[in-house]
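Peer 1: Input structure: protein.cif, which contains mmCIF, C-alpha atoms and all ligand atoms.
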data_run
#
loop_
_atom_site.group_PDB
_atom_site.id
_atom_site.type_symbol
_atom_site.label_atom_id
_atom_site.label_comp_id
_atom_site.auth_asym_id
_atom_site.auth_seq_id
_atom_site.Cartn_x
_atom_site.Cartn_y
_atom_site.Cartn_z
ATOM 1 C CA MET A 30 98.996 118.892 -10.539
ATOM 2 C CA TYR A 31 95.674 117.858 -9.091
ATOM 3 C CA CYS A 32 94.445 117.502 -5.575
ATOM 4 C CA GLY A 33 94.555 113.887 -4.500
ATOM 5 C CA ARG A 34 91.433 114.259 -2.429
ATOM 6 C CA CYS A 35 88.949 116.344 -4.417
ATOM 7 C CA GLY A 36 90.513 116.046 -7.873
ATOM 8 C CA GLU A 37 90.499 119.767 -8.615
ATOM 9 C CA ALA A 38 93.568 121.593 -9.871
ATOM 10 C CA LEU A 39 95.833 122.504 -6.990
ATOM 11 C CA ASP A 40 96.163 126.083 -8.158
ATOM 12 C CA ALA A 41 92.424 126.498 -8.626
ATOM 13 C CA GLY A 42 91.722 127.057 -4.977
ATOM 14 C CA ALA A 43 92.657 126.272 -1.431
ATOM 15 C CA HIS A 44 93.136 122.673 -0.502
ATOM 16 C CA GLU A 45 94.201 123.027 3.077
ATOM 17 C CA ARG A 46 91.489 120.711 4.286
ATOM 18 C CA CYS A 47 92.354 118.253 1.578
ATOM 19 C CA ALA A 48 96.000 118.290 2.558
ATOM 20 C CA ALA A 49 95.075 117.705 6.169
ATOM 21 C CA ALA A 50 92.784 114.841 5.233
ATOM 22 C CA LEU A 51 95.421 113.271 3.032
ATOM 23 C CA ARG A 52 97.658 112.877 6.031
ATOM 24 C CA LEU A 53 95.142 110.448 7.426
ATOM 25 C CA GLU A 54 93.633 108.788 4.413
ATOM 26 C CA PRO A 55 94.676 107.706 0.938
ATOM 27 C CA PRO A 56 94.217 109.949 -2.088
ATOM 28 C CA ARG A 57 91.295 109.297 -4.394
ATOM 29 C CA PHE A 58 92.760 110.895 -7.479
ATOM 30 C CA CYS A 59 96.166 110.732 -9.124
ATOM 31 C CA SER A 60 97.869 114.097 -8.693
ATOM 32 C CA ALA A 61 99.463 113.782 -12.121
ATOM 33 C CA CYS A 62 96.555 112.763 -14.343
ATOM 34 C CA ARG A 63 93.455 113.037 -12.160
ATOM 35 C CA ARG A 64 92.448 109.481 -12.778
ATOM 36 C CA ARG A 65 90.559 107.727 -10.050
ATOM 37 C CA MET A 66 92.966 105.585 -8.129
ATOM 38 C CA LYS A 67 92.382 102.084 -6.928
ATOM 39 C CA VAL A 68 92.899 102.221 -3.197
ATOM 40 C CA GLN A 69 93.754 99.319 -0.986
ATOM 41 C CA VAL A 70 94.007 99.720 2.740
ATOM 42 C CA THR A 71 96.476 97.434 4.408
ATOM 43 C CA PRO A 72 97.469 96.853 8.024
ATOM 44 C CA MET A 73 100.577 98.917 7.299
ATOM 45 C CA GLY A 74 98.783 101.825 5.708
ATOM 46 C CA TRP A 75 97.481 102.003 2.179
ATOM 47 C CA THR A 76 98.377 101.637 -1.460
ATOM 48 C CA ALA A 77 96.782 103.717 -4.204
ATOM 49 C CA THR A 78 97.263 102.622 -7.782
ATOM 50 C CA CYS A 79 96.964 104.746 -10.909
ATOM 51 C CA VAL A 80 96.710 102.746 -14.104
ATOM 52 C CA ALA A 81 99.078 105.217 -15.768
ATOM 53 C CA HIS A 82 101.476 106.062 -12.978
ATOM 54 C CA GLY A 83 101.658 103.016 -10.804
ATOM 55 C CA ASP A 84 101.559 102.615 -7.074
ATOM 56 C CA LEU A 85 101.576 105.254 -4.438
ATOM 57 C CA ARG A 86 102.057 104.230 -0.857
ATOM 58 C CA SER A 87 101.488 105.764 2.488
ATOM 59 C CA ARG A 88 104.577 107.280 3.982
ATOM 60 C CA LEU A 89 104.570 105.316 7.129
ATOM 61 C CA GLU A 90 107.994 104.313 8.240
ATOM 62 C CA ALA A 91 109.048 100.896 7.215
ATOM 63 C CA PRO A 92 108.717 98.317 9.934
ATOM 64 C CA GLY A 93 111.877 97.247 11.609
ATOM 65 C CA PRO A 94 113.259 93.743 11.449
ATOM 66 C CA PRO A 95 111.014 91.183 13.050
ATOM 67 C CA ALA A 96 111.627 90.816 16.725
ATOM 68 C CA GLY A 97 113.203 87.573 17.459
HETATM 69 ZN ZN ZN A 101 91.398 119.455 -2.817
HETATM 70 ZN ZN ZN A 102 98.161 108.989 -12.896
#
Translate this file's structure into structure tokens.

Peer 2:
Amino acid sequence: MYCGRCGEALDAGAHERCAAALRLEPPRFCSACRRRMKVQVTPMGWTATCVAHGDLRSRLEAPGPPAG
């Protein structure tokens, strides 16, 4: 497993700051393969795409049904 923010191995050091940052911003690296991810920021949050592992999305709660 790799750190999504700095790309280093998670067990190679402390990543407390990284973990805190990742609550606010999308990861830059895939935690599985360390590839650089393609990040798209959307009004709802963000989507990060790894060419090998697919999409990763922010864990914001899904919007409710449209108010009508
Ligand atoms: Zn890190
Ligand atoms: Zn990957």

Peer 1: Going by the chain IDs and residue numbers used in this file, which residues fall under the PyMOL selection byres (((chain A and resi 76) around 12) and not hetatm)? Write them as an mmCIF file with C-alpha atoms, keeping the file's coordinate frame.

Peer 2:
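What landed in result-v2.cif:
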data_model
loop_
_atom_site.group_PDB
_atom_site.id
_atom_site.type_symbol
_atom_site.label_atom_id
_atom_site.label_comp_id
_atom_site.auth_asym_id
_atom_site.auth_seq_id
_atom_site.Cartn_x
_atom_site.Cartn_y
_atom_site.Cartn_z
ATOM 1 C CA GLU A 54 93.633 108.788 4.413
ATOM 2 C CA PRO A 55 94.676 107.706 0.938
ATOM 3 C CA PRO A 56 94.217 109.949 -2.088
ATOM 4 C CA ARG A 57 91.295 109.297 -4.394
ATOM 5 C CA MET A 66 92.966 105.585 -8.129
ATOM 6 C CA LYS A 67 92.382 102.084 -6.928
ATOM 7 C CA VAL A 68 92.899 102.221 -3.197
ATOM 8 C CA GLN A 69 93.754 99.319 -0.986
ATOM 9 C CA VAL A 70 94.007 99.720 2.740
ATOM 10 C CA THR A 71 96.476 97.434 4.408
ATOM 11 C CA PRO A 72 97.469 96.853 8.024
ATOM 12 C CA MET A 73 100.577 98.917 7.299
ATOM 13 C CA GLY A 74 98.783 101.825 5.708
ATOM 14 C CA TRP A 75 97.481 102.003 2.179
ATOM 15 C CA ALA A 77 96.782 103.717 -4.204
ATOM 16 C CA THR A 78 97.263 102.622 -7.782
ATOM 17 C CA CYS A 79 96.964 104.746 -10.909
ATOM 18 C CA GLY A 83 101.658 103.016 -10.804
ATOM 19 C CA ASP A 84 101.559 102.615 -7.074
ATOM 20 C CA LEU A 85 101.576 105.254 -4.438
ATOM 21 C CA ARG A 86 102.057 104.230 -0.857
ATOM 22 C CA SER A 87 101.488 105.764 2.488
ATOM 23 C CA ARG A 88 104.577 107.280 3.982
ATOM 24 C CA LEU A 89 104.570 105.316 7.129
#

Peer 1: Taking all atoms listed in the file into account, which residues are within 6 Å of ligand ZN 101 (chain A), as a list of chain:residue names?

Peer 2: A:Cys32, A:Arg34, A:Cys35, A:Glu37, A:His44, A:Cys47

Peer 1: Just to be explicit: take each residue in the selection above, keep C-alpha atoms, and write the result as a JSON list (two decimals), in the coordinates of the input.

Peer 2:
[["chain", "number", "residue", "atom", "x", "y", "z"],
["A", 32, "CYS", "CA", 94.44, 117.50, -5.58],
["A", 34, "ARG", "CA", 91.43, 114.26, -2.43],
["A", 35, "CYS", "CA", 88.95, 116.34, -4.42],
["A", 37, "GLU", "CA", 90.50, 119.77, -8.62],
["A", 44, "HIS", "CA", 93.14, 122.67, -0.50],
["A", 47, "CYS", "CA", 92.35, 118.25, 1.58]]

Peer 1: Take atom CA of Glu45 of chain A and atom CA of Phe58 of chain A and report the distance between them in Å, one decimal.

Peer 2: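 Between atom CA of Glu45 of chain A and atom CA of Phe58 of chain A the gap is 16.1 Å.
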
Peer 1: Write as an NGL selection string the residues around ligand ZN 102 (chain A), taking 6 Å as the cut-off and counting all atoms listed in the file.

Peer 2: :A and (59 or 61-62 or 64 or 79 or 81-82)

Peer 1: To one decimal place, how far is atom CA of Leu51 of chain A from atom CA of Pro95 of chain A in Å?

Peer 2: 28.8 Å

Peer 1: Please tell me which residues are no farther than 10 Å from (95.7, 122.3, -10.3) in the file, counting all atoms listed in the file, and write them as a VMD selection string.

Peer 2: chain A and resid 30 to 32 36 to 42 60 to 61 63

Peer 1: Can you give me N, CA and C atoms for segment 40-54 of chain A, written as a PDB file, in the frame of the given file?

Peer 2:
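That gives us out_29.pdb:
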ATOM      1  N   ASP A  40      96.074 124.628  -8.139  1.00  0.00           N
ATOM      2  CA  ASP A  40      96.163 126.083  -8.158  1.00  0.00           C
ATOM      3  C   ASP A  40      94.808 126.739  -8.401  1.00  0.00           C
ATOM      4  N   ALA A  41      93.750 125.944  -8.390  1.00  0.00           N
ATOM      5  CA  ALA A  41      92.424 126.498  -8.626  1.00  0.00           C
ATOM      6  C   ALA A  41      91.762 126.974  -7.340  1.00  0.00           C
ATOM      7  N   GLY A  42      92.336 126.645  -6.232  1.00  0.00           N
ATOM      8  CA  GLY A  42      91.722 127.057  -4.977  1.00  0.00           C
ATOM      9  C   GLY A  42      92.516 126.537  -3.802  1.00  0.00           C
ATOM     10  N   ALA A  43      91.974 126.732  -2.636  1.00  0.00           N
ATOM     11  CA  ALA A  43      92.657 126.272  -1.431  1.00  0.00           C
ATOM     12  C   ALA A  43      92.333 124.808  -1.173  1.00  0.00           C
ATOM     13  N   HIS A  44      93.337 124.091  -0.797  1.00  0.00           N
ATOM     14  CA  HIS A  44      93.136 122.673  -0.502  1.00  0.00           C
ATOM     15  C   HIS A  44      93.713 122.333   0.867  1.00  0.00           C
ATOM     16  N   GLU A  45      93.613 123.275   1.763  1.00  0.00           N
ATOM     17  CA  GLU A  45      94.201 123.027   3.077  1.00  0.00           C
ATOM     18  C   GLU A  45      93.525 121.861   3.778  1.00  0.00           C
ATOM     19  N   ARG A  46      92.204 121.830   3.657  1.00  0.00           N
ATOM     20  CA  ARG A  46      91.489 120.711   4.286  1.00  0.00           C
ATOM     21  C   ARG A  46      91.838 119.391   3.620  1.00  0.00           C
ATOM     22  N   CYS A  47      91.989 119.464   2.309  1.00  0.00           N
ATOM     23  CA  CYS A  47      92.354 118.253   1.578  1.00  0.00           C
ATOM     24  C   CYS A  47      93.716 117.757   2.041  1.00  0.00           C
ATOM     25  N   ALA A  48      94.651 118.674   2.155  1.00  0.00           N
ATOM     26  CA  ALA A  48      96.000 118.290   2.558  1.00  0.00           C
ATOM     27  C   ALA A  48      95.984 117.678   3.947  1.00  0.00           C
ATOM     28  N   ALA A  49      95.160 118.246   4.824  1.00  0.00           N
ATOM     29  CA  ALA A  49      95.075 117.705   6.169  1.00  0.00           C
ATOM     30  C   ALA A  49      94.468 116.305   6.142  1.00  0.00           C
ATOM     31  N   ALA A  50      93.447 116.142   5.312  1.00  0.00           N
ATOM     32  CA  ALA A  50      92.784 114.841   5.233  1.00  0.00           C
ATOM     33  C   ALA A  50      93.712 113.790   4.647  1.00  0.00           C
ATOM     34  N   LEU A  51      94.542 114.228   3.702  1.00  0.00           N
ATOM     35  CA  LEU A  51      95.421 113.271   3.032  1.00  0.00           C
ATOM     36  C   LEU A  51      96.527 112.765   3.947  1.00  0.00           C
ATOM     37  N   ARG A  52      96.685 113.423   5.080  1.00  0.00           N
ATOM     38  CA  ARG A  52      97.658 112.877   6.031  1.00  0.00           C
ATOM     39  C   ARG A  52      97.102 111.640   6.723  1.00  0.00           C
ATOM     40  N   LEU A  53      95.785 111.532   6.690  1.00  0.00           N
ATOM     41  CA  LEU A  53      95.142 110.448   7.426  1.00  0.00           C
ATOM     42  C   LEU A  53      94.569 109.374   6.515  1.00  0.00           C
ATOM     43  N   GLU A  54      94.289 109.745   5.279  1.00  0.00           N
ATOM     44  CA  GLU A  54      93.633 108.788   4.413  1.00  0.00           C
ATOM     45  C   GLU A  54      94.247 108.827   3.020  1.00  0.00           C
TER      46      GLU A  54
END
